[in-house]
file my_file_6.cif (mmCIF, C-alpha atoms)
data_start
#
loop_
_atom_site.group_PDB
_atom_site.id
_atom_site.type_symbol
_atom_site.label_atom_id
_atom_site.label_comp_id
_atom_site.auth_asym_id
_atom_site.auth_seq_id
_atom_site.Cartn_x
_atom_site.Cartn_y
_atom_site.Cartn_z
ATOM 1 C CA ASN A 19 -120.048 -45.719 130.377
ATOM 2 C CA TYR A 20 -116.604 -46.904 129.426
ATOM 3 C CA VAL A 21 -115.603 -46.853 125.783
ATOM 4 C CA HIS A 22 -112.269 -48.193 124.574
ATOM 5 C CA ILE A 23 -110.998 -46.687 121.339
ATOM 6 C CA ARG A 24 -107.925 -48.197 119.761
ATOM 7 C CA ILE A 25 -106.088 -45.701 117.573
ATOM 8 C CA GLY A 26 -102.603 -47.169 117.659
ATOM 9 C CA LEU A 27 -101.147 -45.184 120.538
ATOM 10 C CA PRO A 28 -98.056 -46.666 122.174
ATOM 11 C CA LYS A 29 -99.608 -46.267 125.635
ATOM 12 C CA PRO A 30 -103.317 -46.170 126.489
ATOM 13 C CA PHE A 31 -104.761 -43.253 128.409
ATOM 14 C CA SER A 32 -108.170 -42.304 129.722
ATOM 15 C CA VAL A 33 -110.430 -39.300 129.323
ATOM 16 C CA LEU A 34 -113.471 -38.371 131.377
ATOM 17 C CA HIS A 35 -116.145 -36.607 129.331
ATOM 18 C CA ILE A 36 -118.576 -34.448 131.306
ATOM 19 C CA SER A 37 -121.358 -32.272 129.978
ATOM 20 C CA ASP A 38 -124.377 -30.296 131.132
ATOM 21 C CA THR A 39 -123.602 -29.913 134.827
ATOM 22 C CA HIS A 40 -125.774 -26.764 134.972
ATOM 23 C CA LEU A 41 -124.290 -25.195 138.093
ATOM 24 C CA ALA A 42 -127.060 -22.933 139.373
ATOM 25 C CA GLU A 43 -125.751 -20.641 142.093
ATOM 26 C CA ALA A 44 -126.209 -16.977 142.930
ATOM 27 C CA TYR A 45 -124.898 -14.935 145.821
ATOM 28 C CA PRO A 46 -127.539 -13.371 148.121
ATOM 29 C CA ASP A 47 -126.674 -9.870 146.877
ATOM 30 C CA GLU A 48 -127.151 -10.727 143.184
ATOM 31 C CA PRO A 49 -130.257 -9.430 141.362
ATOM 32 C CA LYS A 50 -133.650 -10.890 142.218
ATOM 33 C CA ALA A 51 -133.938 -12.597 138.798
ATOM 34 C CA LYS A 52 -130.756 -14.560 139.481
ATOM 35 C CA LEU A 53 -131.940 -15.574 142.949
ATOM 36 C CA GLU A 54 -135.269 -16.755 141.519
ATOM 37 C CA GLN A 55 -133.401 -18.588 138.786
ATOM 38 C CA ARG A 56 -131.259 -20.296 141.426
ATOM 39 C CA ARG A 57 -134.318 -21.410 143.405
ATOM 40 C CA ASP A 58 -136.139 -22.770 140.359
ATOM 41 C CA ARG A 59 -133.184 -24.474 138.691
ATOM 42 C CA MET A 60 -131.936 -26.063 141.915
ATOM 43 C CA ARG A 61 -135.398 -27.560 142.238
ATOM 44 C CA CYS A 62 -135.333 -28.667 138.593
ATOM 45 C CA PHE A 63 -131.897 -30.336 138.810
ATOM 46 C CA GLY A 64 -132.169 -31.625 142.378
ATOM 47 C CA GLY A 65 -129.666 -29.153 143.847
ATOM 48 C CA ARG A 66 -126.688 -31.508 143.710
ATOM 49 C CA GLN A 67 -124.965 -30.272 140.559
ATOM 50 C CA GLU A 68 -121.852 -29.003 142.315
ATOM 51 C CA GLU A 69 -121.556 -32.189 144.350
ATOM 52 C CA ALA A 70 -121.794 -34.309 141.193
ATOM 53 C CA LEU A 71 -119.151 -32.210 139.436
ATOM 54 C CA ARG A 72 -116.853 -32.231 142.461
ATOM 55 C CA ASP A 73 -117.187 -36.014 142.824
ATOM 56 C CA SER A 74 -116.587 -36.576 139.113
ATOM 57 C CA LEU A 75 -113.428 -34.476 139.150
ATOM 58 C CA ALA A 76 -112.202 -36.206 142.306
ATOM 59 C CA TRP A 77 -112.747 -39.574 140.617
ATOM 60 C CA ALA A 78 -110.895 -38.310 137.533
ATOM 61 C CA LYS A 79 -107.805 -37.423 139.595
ATOM 62 C CA ASP A 80 -107.239 -41.116 140.294
ATOM 63 C CA ASN A 81 -108.800 -42.678 137.208
ATOM 64 C CA ALA A 82 -108.420 -40.415 134.177
ATOM 65 C CA ASP A 83 -105.564 -38.623 132.484
ATOM 66 C CA TYR A 84 -107.681 -35.809 131.100
ATOM 67 C CA VAL A 85 -111.136 -34.222 131.492
ATOM 68 C CA ILE A 86 -113.270 -32.648 128.801
ATOM 69 C CA HIS A 87 -116.376 -30.642 129.687
ATOM 70 C CA THR A 88 -118.528 -30.012 126.628
ATOM 71 C CA GLY A 89 -120.770 -27.176 127.642
ATOM 72 C CA ASP A 90 -123.405 -25.929 130.035
ATOM 73 C CA LEU A 91 -121.056 -26.097 132.995
ATOM 74 C CA ILE A 92 -123.145 -23.222 134.343
ATOM 75 C CA ASP A 93 -126.877 -22.783 133.929
ATOM 76 C CA TRP A 94 -126.699 -18.996 133.500
ATOM 77 C CA GLN A 95 -124.330 -16.141 134.236
ATOM 78 C CA SER A 96 -123.926 -15.080 137.842
ATOM 79 C CA ARG A 97 -120.938 -14.100 139.943
ATOM 80 C CA ALA A 98 -121.415 -17.277 141.968
ATOM 81 C CA ASN A 99 -121.517 -19.488 138.862
ATOM 82 C CA PHE A 100 -118.451 -17.741 137.443
ATOM 83 C CA ASP A 101 -116.601 -18.353 140.716
ATOM 84 C CA LEU A 102 -117.546 -22.031 140.549
ATOM 85 C CA ALA A 103 -116.325 -22.256 136.950
ATOM 86 C CA LYS A 104 -112.983 -20.768 138.016
ATOM 87 C CA LYS A 105 -112.844 -23.151 140.969
ATOM 88 C CA TYR A 106 -113.451 -26.333 139.010
ATOM 89 C CA PHE A 107 -111.782 -25.706 135.640
ATOM 90 C CA GLY A 108 -108.175 -26.618 136.209
ATOM 91 C CA PRO A 109 -105.160 -28.204 134.598
ATOM 92 C CA ASN A 110 -105.680 -31.388 132.602
ATOM 93 C CA MET A 111 -109.058 -30.069 131.433
ATOM 94 C CA CYS A 112 -110.460 -28.486 128.336
ATOM 95 C CA GLY A 113 -113.936 -27.456 127.468
ATOM 96 C CA SER A 114 -116.370 -25.765 125.203
ATOM 97 C CA MET A 115 -119.262 -23.415 125.649
ATOM 98 C CA GLY A 116 -122.897 -24.389 125.781
ATOM 99 C CA ASN A 117 -125.797 -22.073 125.136
ATOM 100 C CA HIS A 118 -126.325 -21.622 128.886
ATOM 101 C CA GLU A 119 -122.875 -20.051 129.284
ATOM 102 C CA PHE A 120 -124.057 -17.179 127.089
ATOM 103 C CA SER A 121 -127.298 -16.623 129.002
ATOM 104 C CA PRO A 122 -127.555 -13.804 131.585
ATOM 105 C CA THR A 123 -130.580 -15.384 133.334
ATOM 106 C CA MET A 124 -132.199 -17.487 130.636
ATOM 107 C CA TRP A 125 -135.871 -16.593 130.134
ATOM 108 C CA ARG A 126 -135.823 -13.994 132.938
ATOM 109 C CA SER A 127 -133.366 -11.839 131.027
ATOM 110 C CA GLU A 128 -134.289 -8.538 129.423
ATOM 111 C CA VAL A 129 -131.903 -9.448 126.616
ATOM 112 C CA LYS A 130 -133.528 -12.067 124.399
ATOM 113 C CA GLU A 131 -131.395 -14.915 123.084
ATOM 114 C CA THR A 132 -130.985 -14.416 119.327
ATOM 115 C CA CYS A 133 -128.801 -17.487 118.688
ATOM 116 C CA ASP A 134 -126.107 -15.606 116.776
ATOM 117 C CA GLU A 135 -122.641 -14.088 117.164
ATOM 118 C CA LYS A 136 -124.090 -10.702 118.093
ATOM 119 C CA TYR A 137 -125.812 -12.265 121.115
ATOM 120 C CA LYS A 138 -122.655 -14.162 122.102
ATOM 121 C CA ASP A 139 -120.641 -10.931 121.801
ATOM 122 C CA LEU A 140 -122.582 -9.579 124.795
ATOM 123 C CA SER A 141 -120.896 -12.201 127.019
ATOM 124 C CA ARG A 142 -117.692 -13.134 125.221
ATOM 125 C CA LYS A 143 -115.372 -10.876 127.267
ATOM 126 C CA ALA A 144 -116.779 -11.974 130.646
ATOM 127 C CA LEU A 145 -116.657 -15.662 129.690
ATOM 128 C CA SER A 146 -113.087 -15.311 128.412
ATOM 129 C CA GLU A 147 -112.092 -13.961 131.822
ATOM 130 C CA VAL A 148 -113.734 -16.918 133.600
ATOM 131 C CA TYR A 149 -112.781 -19.924 131.494
ATOM 132 C CA PRO A 150 -109.060 -20.800 131.198
ATOM 133 C CA PHE A 151 -109.267 -21.672 127.505
ATOM 134 C CA ASP A 152 -110.187 -20.018 124.229
ATOM 135 C CA ILE A 153 -113.983 -20.140 124.356
ATOM 136 C CA SER A 154 -114.449 -20.203 120.592
ATOM 137 C CA PHE A 155 -111.803 -22.796 119.676
ATOM 138 C CA GLN A 156 -109.445 -24.811 121.823
ATOM 139 C CA SER A 157 -106.814 -27.318 120.754
ATOM 140 C CA THR A 158 -104.937 -29.395 123.302
ATOM 141 C CA VAL A 159 -102.627 -32.326 122.593
ATOM 142 C CA VAL A 160 -102.783 -35.048 125.238
ATOM 143 C CA ASN A 161 -100.618 -38.155 124.864
ATOM 144 C CA GLY A 162 -100.344 -37.545 121.143
ATOM 145 C CA VAL A 163 -104.070 -36.985 120.558
ATOM 146 C CA ASN A 164 -105.260 -33.516 119.549
ATOM 147 C CA PHE A 165 -108.496 -32.695 121.351
ATOM 148 C CA ILE A 166 -110.358 -29.838 119.714
ATOM 149 C CA THR A 167 -113.359 -28.139 121.243
ATOM 150 C CA LEU A 168 -115.226 -25.344 119.550
ATOM 151 C CA ASP A 169 -118.215 -23.150 120.172
ATOM 152 C CA ASP A 170 -121.029 -24.399 117.946
ATOM 153 C CA VAL A 171 -123.855 -23.819 120.419
ATOM 154 C CA TYR A 172 -126.292 -22.541 117.833
ATOM 155 C CA GLY A 173 -125.585 -25.175 115.202
ATOM 156 C CA TYR A 174 -122.947 -23.388 113.140
ATOM 157 C CA VAL A 175 -119.250 -22.568 113.174
ATOM 158 C CA THR A 176 -117.583 -19.395 111.962
ATOM 159 C CA ALA A 177 -115.158 -19.052 109.060
ATOM 160 C CA GLY A 178 -112.393 -18.324 111.589
ATOM 161 C CA GLN A 179 -113.087 -21.580 113.408
ATOM 162 C CA VAL A 180 -112.959 -23.487 110.115
ATOM 163 C CA GLU A 181 -109.553 -21.978 109.320
ATOM 164 C CA ARG A 182 -108.228 -22.829 112.769
ATOM 165 C CA PHE A 183 -109.553 -26.373 112.427
ATOM 166 C CA ARG A 184 -107.839 -26.779 109.055
ATOM 167 C CA ALA A 185 -104.560 -25.652 110.609
ATOM 168 C CA GLU A 186 -104.956 -28.214 113.399
ATOM 169 C CA VAL A 187 -105.709 -31.001 110.924
ATOM 170 C CA LYS A 188 -102.445 -30.203 109.110
ATOM 171 C CA LYS A 189 -100.554 -30.913 112.331
#
call {"tool": "encode", "arguments": {"input": "my_file_6.cif", "output": "structure tokens"}}
result
Amino acid sequence: NYVHIRIGLPKPFSVLHISDTHLAEAYPDEPKAKLEQRRDRMRCFGGRQEEALRDSLAWAKDNADYVIHTGDLIDWQSRANFDLAKKYFGPNMCGSMGNHEFSPTMWRSEVKETCDEKYKDLSRKALSEVYPFDISFQSTVVNGVNFITLDDVYGYVTAGQVERFRAEVKK
């Protein structure tokens, strides 16, 4: 869909919004649960997630000034998915986390998802090493517009995020 928003900018620009790509890869030497997850989720999503992401980003190079990915880039944590995230998240992009980013292997995990900061803390360091932006709050100005993404995957924001947002609004 194309949406034109007029906010009084001197020069128009375009943004591609992508969400829920659910990359579902695992290397052959990763744990059995991740390999089973790969098999099942590739079947669920049709196995063309990476192709769709690659094609979307290729289209954006010629047709958009900026790309925003708003979560669930990966379907669960695996070395292969992390490598894909590093491969595809580049300049002229920002993003935010989805609940799948925080999941070791979704329902096959020994660690149960508790939908709170304590659960996210189990993955925060690894995700911060993979994604080239602040995973809890990112602010990027593009052509005079401040794009802000924040981690609200469980339906709440933290006091720290609220303070950072207030500081961005003052800009």
call {"tool": "residues_around", "arguments": {"input": "my_file_6.cif", "residues": "Leu102 (chain A)", "least_positions_apart": "5", "cutoff": "9 Å", "atoms": "only C-alpha atoms", "output": "ChimeraX atom specification"}}
result
/A:41,43,68,92,97,107
call {"tool": "resolve_selection", "arguments": {"input": "my_file_6.cif", "expression": "the PyMOL selection byres ((chain A and resi 29) around 12)", "output": "MDAnalysis selection string"}}
result
chainID A and resid 24:28 30:32 83 160:163
call {"tool": "residues_around", "arguments": {"input": "my_file_6.cif", "residues": "Arg59 (chain A)", "least_positions_apart": "5", "cutoff": "10 Å", "atoms": "all atoms listed in the file", "output": "JSON, numbers by chain"}}
result
{"A": [40, 41, 42, 43, 53, 54, 64, 65, 93, 94]}
call {"tool": "closest_residue", "arguments": {"input": "my_file_6.cif", "among": "A:Tyr20, A:Phe63, A:Trp125, A:Phe120", "to": "Asp169 (chain A)", "atoms": "all atoms listed in the file"}}
result
A:Phe120
call {"tool": "residues_around", "arguments": {"input": "my_file_6.cif", "residues": "Leu34 (chain A)", "least_positions_apart": "4", "cutoff": "7 Å", "atoms": "only C-alpha atoms", "output": "ChimeraX atom specification"}}
result
/A:78,82,84-86
call {"tool": "residues_near_point", "arguments": {"input": "my_file_6.cif", "point": "(-118.2, -27.8, 130.7)", "cutoff": "6 Å", "atoms": "only C-alpha atoms", "output": "PyMOL selection string"}}
result
chain A and resi 37+87-91+113
call {"tool": "atom_distance", "arguments": {"input": "my_file_6.cif", "atom1": "CA of Gln95 (chain A)", "atom2": "CA of Tyr149 (chain A)"}}
result
12.5 Å
call {"tool": "atom_distance", "arguments": {"input": "my_file_6.cif", "atom1": "CA of Asp134 (chain A)", "atom2": "CA of Asp152 (chain A)"}}
result
18.1 Å
call {"tool": "residues_near_point", "arguments": {"input": "my_file_6.cif", "point": "(-128.2, -23.2, 124.5)", "cutoff": "8 Å", "atoms": "all atoms listed in the file", "output": "PyMOL selection string"}}
result
chain A and resi 90+116-120+171-172
call {"tool": "atom_distance", "arguments": {"input": "my_file_6.cif", "atom1": "CA of Asp80 (chain A)", "atom2": "CA of Asn164 (chain A)"}}
result
22.2 Å
